[in-house]
file my_file-v4.cif (mmCIF, C-alpha atoms)
data_run
#
loop_
_atom_site.label_atom_id
_atom_site.label_comp_id
_atom_site.auth_asym_id
_atom_site.auth_seq_id
_atom_site.Cartn_x
_atom_site.Cartn_y
_atom_site.Cartn_z
CA MET A 1 91.50 35.51 105.45
CA THR A 2 94.52 35.50 107.78
CA ASN A 3 97.58 37.18 106.29
CA THR A 4 100.16 34.49 107.08
CA ALA A 5 103.75 34.35 105.89
CA ASP A 6 102.82 31.54 103.50
CA GLU A 7 100.06 33.64 101.97
CA VAL A 8 102.48 36.50 101.41
CA LYS A 9 104.97 34.11 99.83
CA ASP A 10 102.21 32.77 97.58
CA MET A 11 101.41 36.31 96.47
CA TYR A 12 105.05 36.87 95.56
CA ALA A 13 104.94 33.62 93.56
CA ARG A 14 101.85 34.80 91.70
CA LEU A 15 103.80 37.93 90.75
CA GLY A 16 106.72 35.94 89.35
CA ILE A 17 109.12 35.57 92.29
CA SER A 18 110.60 32.09 92.66
CA GLU A 19 110.96 30.27 95.97
CA LYS A 20 114.75 30.61 95.84
CA VAL A 21 114.69 34.36 95.19
CA TYR A 22 112.04 34.91 97.86
CA ARG A 23 114.03 33.00 100.47
CA PHE A 24 117.25 34.87 99.61
CA GLY A 25 115.49 38.22 100.01
CA ARG A 26 113.74 37.18 103.21
CA GLU A 27 117.03 36.27 104.89
CA ILE A 28 118.50 39.66 104.00
CA LEU A 29 115.39 41.47 105.21
CA ASP A 30 115.39 39.75 108.60
CA SER A 31 118.90 41.05 109.27
CA LEU A 32 117.93 44.68 108.67
CA GLU A 33 115.44 45.30 111.48
CA PRO A 34 117.85 47.38 113.66
CA ARG A 35 118.84 49.49 110.65
CA PHE A 36 115.23 50.12 109.70
CA ALA A 37 114.41 51.16 113.27
CA GLN A 38 117.01 53.94 113.04
CA ILE A 39 115.54 55.13 109.73
CA ASP A 40 112.13 55.26 111.38
CA LYS A 41 113.50 57.46 114.18
CA THR A 42 114.81 59.99 111.66
CA ALA A 43 111.46 59.91 109.86
CA GLU A 44 109.64 60.59 113.12
CA TYR A 45 111.84 63.61 113.86
CA ASN A 46 111.37 65.02 110.36
CA GLN A 47 107.63 64.37 110.46
CA LEU A 48 107.36 66.46 113.61
CA LYS A 49 109.55 69.15 112.04
CA VAL A 50 107.25 69.44 109.01
CA LEU A 51 104.13 69.37 111.18
CA GLY A 52 105.58 72.08 113.40
CA ALA A 53 106.37 74.27 110.38
CA MET A 54 102.80 73.92 109.10
CA GLN A 55 101.30 74.81 112.45
CA GLU A 56 103.74 77.67 113.02
CA ASN A 57 102.75 79.25 109.71
CA LYS A 58 99.02 78.69 110.30
CA VAL A 59 98.22 76.52 107.30
CA SER A 60 94.45 76.71 106.85
CA GLU A 61 91.88 75.13 104.56
CA ALA A 62 91.98 78.32 102.51
CA CYS A 63 95.66 77.63 101.77
CA LEU A 64 94.70 74.47 99.87
CA LEU A 65 92.74 76.42 97.25
CA GLY A 66 94.35 77.66 94.05
CA THR A 67 94.52 80.79 91.94
CA THR A 68 94.52 81.46 88.20
CA GLY A 69 95.76 84.19 85.93
CA TYR A 70 98.36 86.42 87.53
CA GLY A 71 98.02 84.67 90.88
CA TYR A 72 98.01 87.84 92.94
CA ASN A 73 97.38 87.47 96.67
CA ASP A 74 97.77 83.69 96.60
CA LEU A 75 97.55 82.88 100.33
CA GLY A 76 98.32 79.20 99.83
CA ARG A 77 101.40 79.83 97.71
CA GLU A 78 102.80 82.43 100.11
CA THR A 79 102.13 80.26 103.15
CA LEU A 80 103.68 77.20 101.50
CA GLU A 81 106.86 79.16 100.83
CA ALA A 82 106.91 80.25 104.46
CA VAL A 83 106.53 76.59 105.49
CA TYR A 84 109.49 75.59 103.31
CA ALA A 85 111.57 78.40 104.80
CA SER A 86 110.72 77.10 108.28
CA VAL A 87 111.49 73.47 107.39
CA PHE A 88 114.86 74.40 105.86
CA HIS A 89 115.62 77.13 108.44
CA THR A 90 116.12 79.79 105.76
CA GLU A 91 115.11 83.43 105.33
CA ASP A 92 112.91 82.76 102.31
CA ALA A 93 111.85 80.15 99.78
CA LEU A 94 110.50 79.93 96.24
CA VAL A 95 108.24 76.89 95.68
CA ARG A 96 106.47 76.90 92.34
CA PRO A 97 104.80 74.62 89.80
CA GLN A 98 106.34 76.88 87.14
CA ILE A 99 109.72 75.30 88.02
CA THR A 100 109.53 72.26 85.78
CA CYS A 101 112.21 69.95 87.24
CA GLY A 102 115.35 69.78 89.34
CA THR A 103 117.60 70.87 86.47
CA HIS A 104 115.36 73.89 85.90
CA ALA A 105 115.50 74.79 89.61
CA LEU A 106 119.29 74.60 89.60
CA ALA A 107 119.58 76.57 86.34
CA LEU A 108 117.26 79.21 87.79
CA ALA A 109 119.31 79.52 90.98
CA LEU A 110 122.55 79.79 89.02
CA MET A 111 121.42 82.13 86.27
CA SER A 112 119.70 84.52 88.69
CA ASN A 113 122.69 84.88 91.00
CA LEU A 114 125.55 84.99 88.48
CA ARG A 115 126.44 87.85 86.17
CA PRO A 116 128.73 88.18 83.11
CA GLY A 117 132.34 88.01 84.23
CA ASP A 118 131.57 85.89 87.30
CA GLU A 119 133.02 82.42 87.77
CA LEU A 120 131.18 79.34 88.99
CA LEU A 121 133.19 76.78 90.96
CA SER A 122 132.36 73.14 91.65
CA PRO A 123 134.66 71.87 94.42
CA VAL A 124 133.23 68.33 94.24
CA GLY A 125 134.07 67.39 90.66
CA LYS A 126 131.83 67.11 87.62
CA PRO A 127 128.18 67.96 88.18
CA TYR A 128 125.22 65.84 87.09
CA ASP A 129 125.03 65.32 83.32
CA THR A 130 122.07 67.63 82.66
CA LEU A 131 123.91 70.57 84.28
CA GLU A 132 126.76 70.31 81.78
CA GLU A 133 124.66 72.11 79.15
CA VAL A 134 123.34 74.61 81.71
CA ILE A 135 126.91 75.57 82.58
CA GLY A 136 128.25 75.25 79.03
CA ILE A 137 130.69 72.40 79.64
CA ARG A 138 128.87 70.95 76.65
CA PRO A 139 127.85 73.84 74.39
CA SER A 140 124.13 74.60 74.47
CA LYS A 141 121.87 77.54 73.63
CA GLY A 142 121.31 79.81 76.61
CA SER A 143 124.11 78.33 78.74
CA LEU A 144 125.96 80.30 81.39
CA ALA A 145 128.99 80.26 79.11
CA GLU A 146 127.02 82.15 76.43
CA TYR A 147 126.41 84.89 78.99
CA GLY A 148 130.07 85.21 79.90
CA VAL A 149 130.07 83.15 83.09
CA THR A 150 133.17 80.99 83.37
CA TYR A 151 133.41 77.64 85.12
CA ARG A 152 136.06 75.82 87.08
CA GLN A 153 135.98 72.54 88.99
CA VAL A 154 138.18 70.81 91.51
CA ASP A 155 137.86 67.04 91.53
CA LEU A 156 137.51 65.03 94.69
CA LEU A 157 140.54 63.11 95.86
CA ALA A 158 140.83 59.41 95.08
CA ASP A 159 139.44 58.54 98.51
CA GLY A 160 136.41 60.81 98.02
CA GLY A 161 137.82 63.58 100.21
CA PHE A 162 137.92 67.29 99.37
CA ASP A 163 141.03 68.68 97.69
CA TYR A 164 141.30 71.64 100.03
CA GLU A 165 144.59 72.82 98.53
CA GLY A 166 143.12 72.71 95.02
CA ILE A 167 139.95 74.48 96.16
CA GLN A 168 141.91 77.30 97.78
CA ALA A 169 143.97 77.75 94.60
CA ALA A 170 140.82 77.83 92.46
CA ILE A 171 139.11 80.65 94.38
CA HIS A 172 139.88 84.15 93.10
CA ASP A 173 138.28 87.59 92.76
CA LYS A 174 135.77 86.50 90.10
CA THR A 175 134.60 83.40 91.97
CA ARG A 176 131.02 84.36 92.74
CA LEU A 177 129.17 81.10 93.41
CA VAL A 178 130.08 77.60 94.50
CA THR A 179 127.82 74.69 93.57
CA ILE A 180 127.96 71.59 95.76
CA GLN A 181 126.18 68.48 94.54
CA ARG A 182 125.10 66.45 97.55
CA SER A 183 124.21 63.26 95.70
CA LYS A 184 126.46 61.23 93.46
CA GLY A 185 124.69 61.70 90.11
CA TYR A 186 125.96 59.25 87.51
CA GLN A 187 129.15 58.67 89.47
CA THR A 188 130.08 56.11 92.06
CA ARG A 189 131.52 58.61 94.53
CA PRO A 190 130.23 58.92 98.08
CA THR A 191 127.20 61.09 98.71
CA LEU A 192 128.04 64.09 100.89
CA SER A 193 126.64 64.24 104.41
CA VAL A 194 125.28 67.50 105.80
CA ALA A 195 128.24 67.58 108.20
CA ARG A 196 130.79 67.25 105.38
CA ILE A 197 128.99 69.89 103.33
CA GLY A 198 129.13 72.19 106.35
CA GLU A 199 132.89 71.64 106.69
CA LEU A 200 133.41 72.45 103.02
CA ILE A 201 131.28 75.60 103.17
CA SER A 202 133.12 76.79 106.30
CA PHE A 203 136.45 76.33 104.52
CA ILE A 204 135.28 78.22 101.43
CA LYS A 205 133.74 81.07 103.42
CA GLY A 206 136.98 81.33 105.38
CA ILE A 207 138.76 82.12 102.12
CA LYS A 208 136.11 84.42 100.62
CA PRO A 209 133.14 85.19 102.88
CA ASP A 210 130.94 86.72 100.16
CA ILE A 211 130.89 83.60 97.95
CA ILE A 212 127.38 82.22 97.49
CA CYS A 213 127.32 78.52 98.41
CA MET A 214 124.54 76.61 96.68
CA VAL A 215 123.75 72.96 97.43
CA ASP A 216 122.03 70.71 94.91
CA ASN A 217 119.89 68.94 97.51
CA CYS A 218 118.14 66.55 95.11
CA TYR A 219 117.52 63.09 96.64
CA GLY A 220 118.81 64.23 100.05
CA GLU A 221 115.88 65.95 101.72
CA PHE A 222 114.72 64.35 105.00
CA VAL A 223 117.36 61.62 104.89
CA GLU A 224 119.06 63.26 107.86
CA CYS A 225 117.59 65.34 110.69
CA THR A 226 119.23 68.51 109.35
CA GLU A 227 119.55 70.10 105.91
CA PRO A 228 122.57 71.81 104.26
CA SER A 229 120.94 75.21 104.83
CA GLU A 230 121.51 74.60 108.55
CA ALA A 231 125.19 73.99 107.83
CA GLY A 232 125.90 77.30 106.13
CA ALA A 233 124.50 76.93 102.60
CA ASP A 234 123.15 80.17 101.13
CA MET A 235 120.76 78.22 98.88
CA VAL A 236 119.42 74.67 98.81
CA VAL A 237 117.72 73.60 95.62
CA GLY A 238 115.61 70.60 94.67
CA SER A 239 112.71 69.04 92.80
CA LEU A 240 109.23 68.39 94.14
CA ILE A 241 108.94 65.12 92.20
CA LYS A 242 111.75 63.82 94.36
CA ASN A 243 111.77 63.64 98.18
CA PRO A 244 109.91 66.80 99.28
CA GLY A 245 106.88 66.21 97.06
CA GLY A 246 106.11 62.97 98.86
CA GLY A 247 104.94 61.31 95.64
CA LEU A 248 101.92 63.63 95.36
CA ALA A 249 103.39 66.77 93.79
CA PRO A 250 102.78 66.51 90.02
CA ILE A 251 105.51 69.04 89.11
CA GLY A 252 107.57 71.77 90.72
CA GLY A 253 110.82 72.75 92.33
CA TYR A 254 112.09 74.81 95.24
CA ILE A 255 114.88 77.20 96.13
CA ALA A 256 115.28 77.96 99.84
CA GLY A 257 117.91 80.27 101.25
CA LYS A 258 119.04 83.83 101.82
CA ARG A 259 116.34 86.35 100.97
CA THR A 260 118.46 88.12 98.34
CA CYS A 261 119.27 84.86 96.54
CA VAL A 262 115.62 83.78 96.53
CA GLU A 263 114.43 87.19 95.33
CA ASN A 264 116.92 87.08 92.47
CA ALA A 265 115.55 83.68 91.48
CA ALA A 266 111.96 84.92 91.65
CA TYR A 267 112.69 87.86 89.36
CA ARG A 268 114.38 85.51 86.92
CA LEU A 269 111.50 83.01 87.03
CA THR A 270 108.81 85.61 86.35
CA SER A 271 109.95 89.10 85.37
CA PRO A 272 111.84 92.10 86.74
CA GLY A 273 109.37 94.11 88.77
CA LEU A 274 107.08 91.11 89.39
CA GLY A 275 109.13 88.49 91.23
CA LYS A 276 107.23 86.42 93.79
CA GLU A 277 104.03 88.45 93.44
CA VAL A 278 102.79 86.50 90.44
CA GLY A 279 102.53 82.83 89.50
CA ALA A 280 99.17 81.11 89.81
CA SER A 281 99.07 77.88 91.82
CA LEU A 282 96.42 76.38 89.51
CA GLY A 283 94.73 74.13 92.04
CA ILE A 284 97.67 71.90 92.95
CA LEU A 285 98.53 73.38 96.35
CA ARG A 286 96.76 70.56 98.19
CA ASP A 287 99.16 68.09 96.57
CA PHE A 288 102.14 70.28 97.48
CA TYR A 289 101.10 70.56 101.11
CA GLN A 290 100.06 66.96 101.58
CA GLY A 291 103.12 65.71 99.68
CA LEU A 292 105.43 67.69 101.96
CA PHE A 293 103.56 66.35 104.98
CA LEU A 294 104.11 62.75 103.78
CA ALA A 295 107.67 63.36 102.59
CA PRO A 296 109.54 62.21 105.74
CA THR A 297 107.83 58.79 105.81
CA VAL A 298 107.96 58.35 102.02
CA THR A 299 111.68 59.17 102.10
CA ALA A 300 112.13 56.58 104.87
CA SER A 301 110.47 53.94 102.68
CA ALA A 302 112.83 54.78 99.82
CA LEU A 303 115.82 54.64 102.18
CA LYS A 304 114.82 51.19 103.39
CA GLY A 305 114.59 50.05 99.78
CA ALA A 306 118.08 51.38 99.08
CA VAL A 307 119.53 49.61 102.12
CA PHE A 308 117.77 46.38 101.12
CA ALA A 309 119.17 46.64 97.58
CA ALA A 310 122.70 47.30 98.84
CA ASN A 311 122.63 44.24 101.06
CA ILE A 312 121.18 42.03 98.32
CA TYR A 313 123.69 42.97 95.65
CA GLU A 314 126.73 43.21 97.89
CA LYS A 315 126.09 39.65 99.04
CA LEU A 316 126.00 38.64 95.38
CA GLY A 317 129.50 40.08 94.89
CA PHE A 318 128.75 43.36 93.12
CA ARG A 319 130.25 46.70 94.15
CA VAL A 320 127.54 48.85 95.70
CA VAL A 321 127.74 52.55 96.62
CA PRO A 322 126.98 53.16 99.44
CA ASP A 323 127.91 49.75 100.76
CA SER A 324 125.64 47.63 102.93
CA VAL A 325 126.59 49.22 106.26
CA GLU A 326 127.41 52.86 105.44
CA THR A 327 125.36 55.72 106.87
CA ARG A 328 122.99 57.10 104.23
CA HIS A 329 122.84 60.70 103.03
CA ASP A 330 120.54 60.32 100.02
CA ILE A 331 118.06 57.77 98.66
CA ILE A 332 120.15 56.62 95.68
CA GLN A 333 121.73 53.18 95.53
CA ALA A 334 124.35 52.48 92.86
CA VAL A 335 125.17 48.94 91.77
CA GLU A 336 128.10 48.32 89.43
CA PHE A 337 127.40 45.43 87.06
CA GLY A 338 130.34 45.93 84.71
CA THR A 339 128.23 44.92 81.72
CA PRO A 340 125.36 46.55 79.81
CA GLU A 341 123.36 43.34 80.19
CA GLY A 342 123.33 43.70 83.98
CA VAL A 343 122.09 47.30 83.84
CA THR A 344 119.39 46.39 81.33
CA ALA A 345 118.18 43.35 83.28
CA PHE A 346 117.99 45.35 86.51
CA CYS A 347 116.00 48.18 84.94
CA ARG A 348 113.62 45.75 83.27
CA GLY A 349 112.98 44.17 86.67
CA ILE A 350 112.07 47.55 88.16
CA GLN A 351 109.75 48.28 85.23
CA ALA A 352 108.06 44.91 85.61
CA ALA A 353 107.34 45.79 89.26
CA ALA A 354 105.62 49.07 88.38
CA PRO A 355 101.92 49.78 88.98
CA VAL A 356 101.84 51.87 85.79
CA ASP A 357 103.29 50.59 82.49
CA GLY A 358 104.47 47.42 84.19
CA PHE A 359 103.93 45.61 80.89
CA VAL A 360 106.44 47.66 78.84
CA THR A 361 110.13 46.91 78.26
CA PRO A 362 112.61 49.77 78.78
CA GLU A 363 115.38 50.23 76.22
CA PRO A 364 118.44 52.53 76.22
CA TRP A 365 117.93 55.71 74.18
CA ASP A 366 119.48 59.12 73.52
CA MET A 367 117.82 61.39 76.07
CA PRO A 368 118.11 65.20 76.00
CA GLY A 369 120.86 66.45 78.29
CA TYR A 370 122.94 63.24 78.38
CA ASP A 371 126.13 62.37 76.50
CA SER A 372 125.41 58.65 76.09
CA PRO A 373 122.34 56.42 75.74
CA VAL A 374 120.48 56.07 79.02
CA ILE A 375 118.06 53.37 80.13
CA MET A 376 115.30 54.45 82.50
CA ALA A 377 112.68 52.36 84.29
CA ALA A 378 109.81 54.11 86.01
CA GLY A 379 106.18 53.12 85.96
CA ALA A 380 105.13 56.12 87.98
CA PHE A 381 101.88 57.91 88.76
CA VAL A 382 103.80 61.15 88.12
CA SER A 383 105.91 61.04 84.97
CA GLY A 384 109.62 61.05 85.82
CA SER A 385 109.00 61.00 89.57
CA SER A 386 112.14 59.53 91.12
CA ILE A 387 110.69 59.34 94.62
CA GLU A 388 108.55 56.60 93.11
CA LEU A 389 110.25 53.29 92.38
CA SER A 390 112.69 53.87 89.54
CA ALA A 391 116.09 52.98 88.18
CA ASP A 392 118.31 54.35 85.45
CA GLY A 393 121.85 54.36 84.22
CA PRO A 394 124.08 55.48 81.34
CA MET A 395 125.17 52.74 78.96
CA LYS A 396 128.88 53.28 79.46
CA PRO A 397 131.56 51.92 81.82
CA PRO A 398 131.46 51.04 84.68
CA TYR A 399 127.88 50.07 83.71
CA ALA A 400 126.36 51.10 87.01
CA VAL A 401 122.64 51.30 87.66
CA TYR A 402 121.16 53.89 90.00
CA PHE A 403 118.12 52.77 91.98
CA GLN A 404 115.91 55.10 93.99
CA GLY A 405 112.45 55.64 95.35
CA GLY A 406 109.52 53.64 96.57
CA LEU A 407 106.44 55.31 98.01
CA THR A 408 106.14 52.30 100.30
CA PHE A 409 108.86 49.94 101.41
CA GLU A 410 106.68 46.99 100.43
CA HIS A 411 106.78 48.16 96.82
CA ALA A 412 110.51 48.89 96.96
CA ARG A 413 111.12 45.42 98.36
CA PHE A 414 109.11 43.79 95.59
CA GLY A 415 110.94 45.85 92.96
CA ILE A 416 114.33 44.69 94.22
CA MET A 417 113.12 41.10 94.32
CA LYS A 418 111.97 41.48 90.73
CA THR A 419 115.41 42.74 89.66
CA LEU A 420 116.99 39.76 91.39
CA GLN A 421 114.59 37.41 89.62
CA ASN A 422 115.45 39.07 86.31
CA ILE A 423 119.21 38.85 86.62
CA THR A 424 118.91 35.27 87.89
CA ASP A 425 116.75 34.28 84.91
CA ALA A 426 119.26 35.98 82.60
CA GLY A 427 122.07 33.87 84.06
CA ILE A 428 123.98 36.89 85.33
CA VAL A 429 123.99 35.47 88.87
CA VAL A 430 123.34 32.05 90.34
CA LEU A 431 121.76 31.82 93.77
#
call {"tool": "encode", "arguments": {"input": "my_file-v4.cif", "output": "structure tokens"}}
result
Amino acid sequence: MTNTADEVKDMYARLGISEKVYRFGREILDSLEPRFAQIDKTAEYNQLKVLGAMQENKVSEACLLGTTGYGYNDLGRETLEAVYASVFHTEDALVRPQITCGTHALALALMSNLRPGDELLSPVGKPYDTLEEVIGIRPSKGSLAEYGVTYRQVDLLADGGFDYEGIQAAIHDKTRLVTIQRSKGYQTRPTLSVARIGELISFIKGIKPDIICMVDNCYGEFVECTEPSEAGADMVVGSLIKNPGGGLAPIGGYIAGKRTCVENAAYRLTSPGLGKEVGASLGILRDFYQGLFLAPTVTASALKGAVFAANIYEKLGFRVVPDSVETRHDIIQAVEFGTPEGVTAFCRGIQAAAPVDGFVTPEPWDMPGYDSPVIMAAGAFVSGSSIELSADGPMKPPYAVYFQGGLTFEHARFGIMKTLQNITDAGIVVL
């Protein structure tokens, strides 16, 4: 059977997309070909970078096997960490399934490199919600605050710029570590480019050279041709069920950076005296390697989905961050609906487009680590994987939804079309 445009349109119709919604999306898509070509060029560069790192570190079939128990002499684990260090241009890396999520990776990096009496500084405003309890902004058992680590933040300026004067005033003798969140989190501020992060780090190091600069790199890996570790960051931290896992990693996180920082994290993850020497890989190294290999092209698919969503919803009159023409520095697309109904309808559209649990209806609920009910849509092969098609948002003003992921652009496109169908059926917009 010939795969004609009419046959594709008929398939969309079978999956619940009306003629009007399909045509609206098709017109937007046709205008994005030059933009998508640029995304493909970045993906090609990053694909070659990952391939080169694997060849340089002599990845072999033996590396794909796993270990159990203590995990001593795990060739695959040690080689994978060398590959990550090569990809991120760092001295060392810690890449482990024992790191359960991005928040855990960040907590590990912070708690292993801060000591009682030290101060943590965020020069880019409030961190992501789940870090509030790690830091102790919201009291929680085991927080940095309980261990005598203080916290200070300097908010971004109204235009999204850095408050350099405020940052300089905030740095003092006890300032030990600076945390820079690349992505926007549950805020509608701009995502930080690698270049801007580099400028900020250079400014901070000019004031106090021994400050550790850590970048929360979640959602940003492989979006640009360089990473924050190439712009002066002492540590970059992220989750393997986001960009670098390529949709295949079933769990895990990474910390890449200066050898001392990574060693500190390893001793905190396992035990003093053991560090990186233990930690069985349990037969999932093949997924880690192959996921990293696919990550540049999977990230490109997610980026295309974000650009498509921005153009769709901006044309409908909603505020979108980034806007339809801005350069991208992460895979997240925020859409401000202004009402809880808009957020809910969008998330239900994403859920209805899922290959797993596409038949369920997401509802807002009180999730651990958040200060308000949150609605999350993700019918993923890996639970909670936000490199797969997903959307979420806190049920509080400005009632913005945060869309990300898509292992293939074709799936991301369908998901966005499904959200548009949903909000159209709900009467929130009229095409």
call {"tool": "closest_atom_pairs", "arguments": {"input": "my_file-v4.cif", "of": "range 14-100 of chain A", "to": "range 278-301 of chain A", "cutoff": "12 Å", "atoms": "all atoms listed in the file", "output": "CSV"}}
result
residue,atom,partner,partner_atom,distance
A:Arg35,CA,A:Ala300,CA,11.3
A:Phe36,CA,A:Ala300,CA,8.6
A:Ala37,CA,A:Ala300,CA,10.3
A:Gln38,CA,A:Ala300,CA,9.9
A:Ile39,CA,A:Ala300,CA,6.1
A:Asp40,CA,A:Ala300,CA,6.6
A:Lys41,CA,A:Ala300,CA,9.5
A:Thr42,CA,A:Ala300,CA,8.1
A:Ala43,CA,A:Pro296,CA,5.1
A:Glu44,CA,A:Pro296,CA,7.6
A:Tyr45,CA,A:Pro296,CA,8.6
A:Asn46,CA,A:Pro296,CA,5.7
A:Gln47,CA,A:Pro296,CA,5.5
A:Leu48,CA,A:Pro296,CA,9.2
A:Lys49,CA,A:Pro296,CA,9.4
A:Val50,CA,A:Phe293,CA,6.3
A:Leu51,CA,A:Phe293,CA,6.9
A:Gly52,CA,A:Phe293,CA,10.4
A:Ala53,CA,A:Phe293,CA,10.0
A:Met54,CA,A:Phe293,CA,8.7
A:Gln55,CA,A:Phe293,CA,11.5
A:Val59,CA,A:Tyr289,CA,9.1
A:Ser60,CA,A:Tyr289,CA,10.7
A:Glu61,CA,A:Arg286,CA,9.2
A:Ala62,CA,A:Arg286,CA,10.1
A:Cys63,CA,A:Leu285,CA,7.5
A:Leu64,CA,A:Arg286,CA,4.7
A:Leu65,CA,A:Gly283,CA,6.0
A:Gly66,CA,A:Gly283,CA,4.1
A:Thr67,CA,A:Ala280,CA,5.1
A:Thr68,CA,A:Ala280,CA,4.9
A:Gly69,CA,A:Ala280,CA,6.0
A:Tyr70,CA,A:Val278,CA,5.3
A:Gly71,CA,A:Ala280,CA,3.9
A:Tyr72,CA,A:Val278,CA,5.6
A:Asn73,CA,A:Val278,CA,8.3
A:Asp74,CA,A:Ala280,CA,7.4
A:Leu75,CA,A:Ser281,CA,10.0
A:Gly76,CA,A:Leu285,CA,6.8
A:Arg77,CA,A:Ser281,CA,6.6
A:Glu78,CA,A:Ser281,CA,10.2
A:Thr79,CA,A:Tyr289,CA,10.0
A:Leu80,CA,A:Tyr289,CA,7.1
A:Glu81,CA,A:Tyr289,CA,10.4
A:Ala82,CA,A:Tyr289,CA,11.8
A:Val83,CA,A:Tyr289,CA,9.2
A:Tyr84,CA,A:Leu292,CA,9.0
A:Val87,CA,A:Leu292,CA,10.0
A:Leu94,CA,A:Gly279,CA,10.8
A:Val95,CA,A:Phe288,CA,9.2
A:Arg96,CA,A:Ser281,CA,7.5
A:Pro97,CA,A:Ser281,CA,6.9
A:Gln98,CA,A:Gly279,CA,7.4
A:Ile99,CA,A:Gly279,CA,10.5
call {"tool": "resolve_selection", "arguments": {"input": "my_file-v4.cif", "expression": "the PyMOL selection byres ((chain A and resi 412) around 9)", "output": "list of chain:residue names"}}
result
A:Ser301, A:Ala302, A:Lys304, A:Gly305, A:Ala306, A:Phe308, A:Ala309, A:Ala353, A:Glu388, A:Leu389, A:Gln404, A:Gly405, A:Gly406, A:Leu407, A:Thr408, A:Phe409, A:Glu410, A:His411, A:Arg413, A:Phe414, A:Gly415, A:Ile416, A:Met417
call {"tool": "resolve_selection", "arguments": {"input": "my_file-v4.cif", "expression": "the PyMOL selection byres ((chain A and resi 266) around 10)", "output": "VMD selection string"}}
result
chain A and resid 93 to 96 108 to 109 112 255 260 to 265 267 to 279
call {"tool": "residues_around", "arguments": {"input": "my_file-v4.cif", "residues": "Ala256 in chain A", "least_positions_apart": "3", "cutoff": "6 Å", "atoms": "only C-alpha atoms", "output": "list in words"}}
result
Asp92, Ala93, Met235 and Val236 of chain A
call {"tool": "closest_residue", "arguments": {"input": "my_file-v4.cif", "among": "A:Gln168, A:Ser143, A:Ser193, A:Thr339", "to": "Leu121 in chain A", "atoms": "all atoms listed in the file"}}
result
A:Gln168
call {"tool": "resolve_selection", "arguments": {"input": "my_file-v4.cif", "expression": "the PyMOL selection byres ((chain A and resi 219-233) around 6)", "output": "VMD selection string"}}
result
chain A and resid 194 198 213 to 214 217 to 218 234 to 235 243 296 329 to 331
call {"tool": "atom_distance", "arguments": {"input": "my_file-v4.cif", "atom1": "CA of Thr344 in chain A", "atom2": "CA of Lys396 in chain A"}}
result
11.9 Å
call {"tool": "atom_distance", "arguments": {"input": "my_file-v4.cif", "atom1": "CA of Gly342 in chain A", "atom2": "CA of Tyr399 in chain A"}}
result
7.8 Å
call {"tool": "atom_distance", "arguments": {"input": "my_file-v4.cif", "atom1": "CA of Lys418 in chain A", "atom2": "CA of Ser18 in chain A"}}
result
9.7 Å
call {"tool": "residues_around", "arguments": {"input": "my_file-v4.cif", "residues": "Pro127 in chain A", "least_positions_apart": "6", "cutoff": "10 Å", "atoms": "all atoms listed in the file", "output": "list in words"}}
result
Ile135, Ile137, Gln153, Thr179, Ile180, Gln181, Arg182, Ser183, Lys184, Gly185, Tyr186, Gln187 and Asp216 of chain A
